[in-house]
Amino acid sequence: MNYIDVSISVDVAVERDSQSISPAQQRTAVTAARLKGLEQDLGLSDIQYSAVLAILYVSYTPAQIPSNMILNRISRPSYYIPFCVVIWGVTSALTGVTRNFAGIMAARVFIGLPEAAFYPGAIYLLSRWYTRKELAFRSAILYGGLLISNAFGSLMAAGILSHMEGKMGIRAWRWLFYIEGAITVAIGILAIFLLPDYPHNTRWLSPAQRRLAQVRLAEDAGEADEDVATDSALKGLVMAIKDPKVPIFAVMTCSQLLGLGFVNFFPTIAGTLGFSTTVTLLLAAPPWIVATAVCCINAWNADRTGERFFHVCGPWWGVILGYIIGVSTMSIAGRYVAMFLMACGYCGFALTAVWVSNAVPRPPAKRAAAIGIVNGFGNLGNLISSFVWKEEWSPDYHPSMYIGIAALAFATALATVIRYILVQQNKRLEQEELDNLKGAKRERIEDAARLEGITFEEALRRKKGFRYLY
């Protein structure tokens, strides 16, 4: 399996670059461009700028569910996802030609549609390759691309905005969109040749390797990771909606992203430290570099232990601490430390879709719809947060931080409910196994325990079947 794991990991790295770095850089680009004249050139008011940030989620949020349903039904995600990446890059570049509020609003709406295929689609694709206790770290590698892109996006923006002003008669903030859009298109084309499909049809695996990849997932959940003939995309959507865990996950993610809404204003928040535009963008990078490392370590430990709740909620509690520091001091050192804690909060979000995949494992049609519902509805939190970090509340942004604290506390409460539900479901599974363990089956386990010199309970634990991770 090592060859398959290495091969898929390489492809994940490319997928991370094409799907995570570029969209996040574009979001960073909007806030960075704000520091260099975007609002003035397009004649945007404060409320119009917030609308520009929010409108992306109007198309991005609902499109995630049908996008994941399509991904579940097609046989070549290696074509579908890169195609969306290329379309996204072209649309992003066209943001640089906008001349007014209506133009940039239209560009942002159309950016949201192809972007819907990126993160939820990538998580679903990874869930078709990795077991429950392997998925978190691989997903963290993917999400680490988004986090590190916030750093590189700021560094790239600093270079472009400081050196491209007036080149060929074009404002530097417009160059920012042109350059990042072109990079995205190039990466999207490259991804067509490097991304995997599914275990049963990836072209560069041998038949034996394809079978091994499928058997691993079947052993992990006790059933094949394939839809049967009656498992349509629509049926998967209905099953996901009826599962009580899915709507709770969706509301939890919405509240979580509302609490983490600072991401769209991070350069603006860094600007409150009082430095020049270039220095501000440079200072915005280190928190995301640290967050990337913390994200991978947190996910690695989550896979090792099989624990989910504390690995998801712990980073949120760090953000709450960062907000408390932010409302308690205006010192440069204190608020900069708070920015590190805030950035690391996304380590929890990086595991949210993984937890959904673990909690809704089969059939794949249901899992794909569940991931789309949770991530799609959850991004309403980003839409709302676009109006939470108001210019009138600067430079301290105390009301914004109070809202963030309340949102993350509510998300923690919902995560506790999900954990309780999964614990109860595991108890029911265990009871069902005990109820079925009678007669000859019980005698065989007792004989095995005697042969191995262990207790009956220990032998039973070894035989234990599928359990949800919480």
# chains A, B, ... in the order shown; residues from 1 in each chain; ligands from 1
>>> select_by_dssp(residues="range 157-394 of chain A", states="alpha helix (DSSP H)", output="number ranges by chain")
A: 157-163, 172-194, 207-221, 233-242, 245-259, 266-271, 277-283, 286-305, 309-328, 332-344, 346-349, 352-359, 364-378, 380-385
>>> residues_around(residues="range 75-81 of chain A", least_positions_apart="3", cutoff="6 Å", atoms="only C-alpha atoms", output="PyMOL selection string")
chain A and resi 84+192+195-197
>>> closest_residue(among="A:Thr352, A:Asn382, A:Ser50, A:Ser139", to="Cys296 in chain A", atoms="only C-alpha atoms")
A:Ser139
>>> closest_residue(among="A:Arg467, A:Leu351, A:Ala284, A:Ala411", to="Lys427 in chain A", atoms="only C-alpha atoms")
A:Arg467
>>> atom_distance(atom1="CA of Ala33 in chain A", atom2="CA of Pro267 in chain A")
9.9 Å
>>> closest_residue(among="A:Leu408, A:Ala233, A:Val97, A:Val388", to="Val312 in chain A", atoms="only C-alpha atoms")
A:Leu408
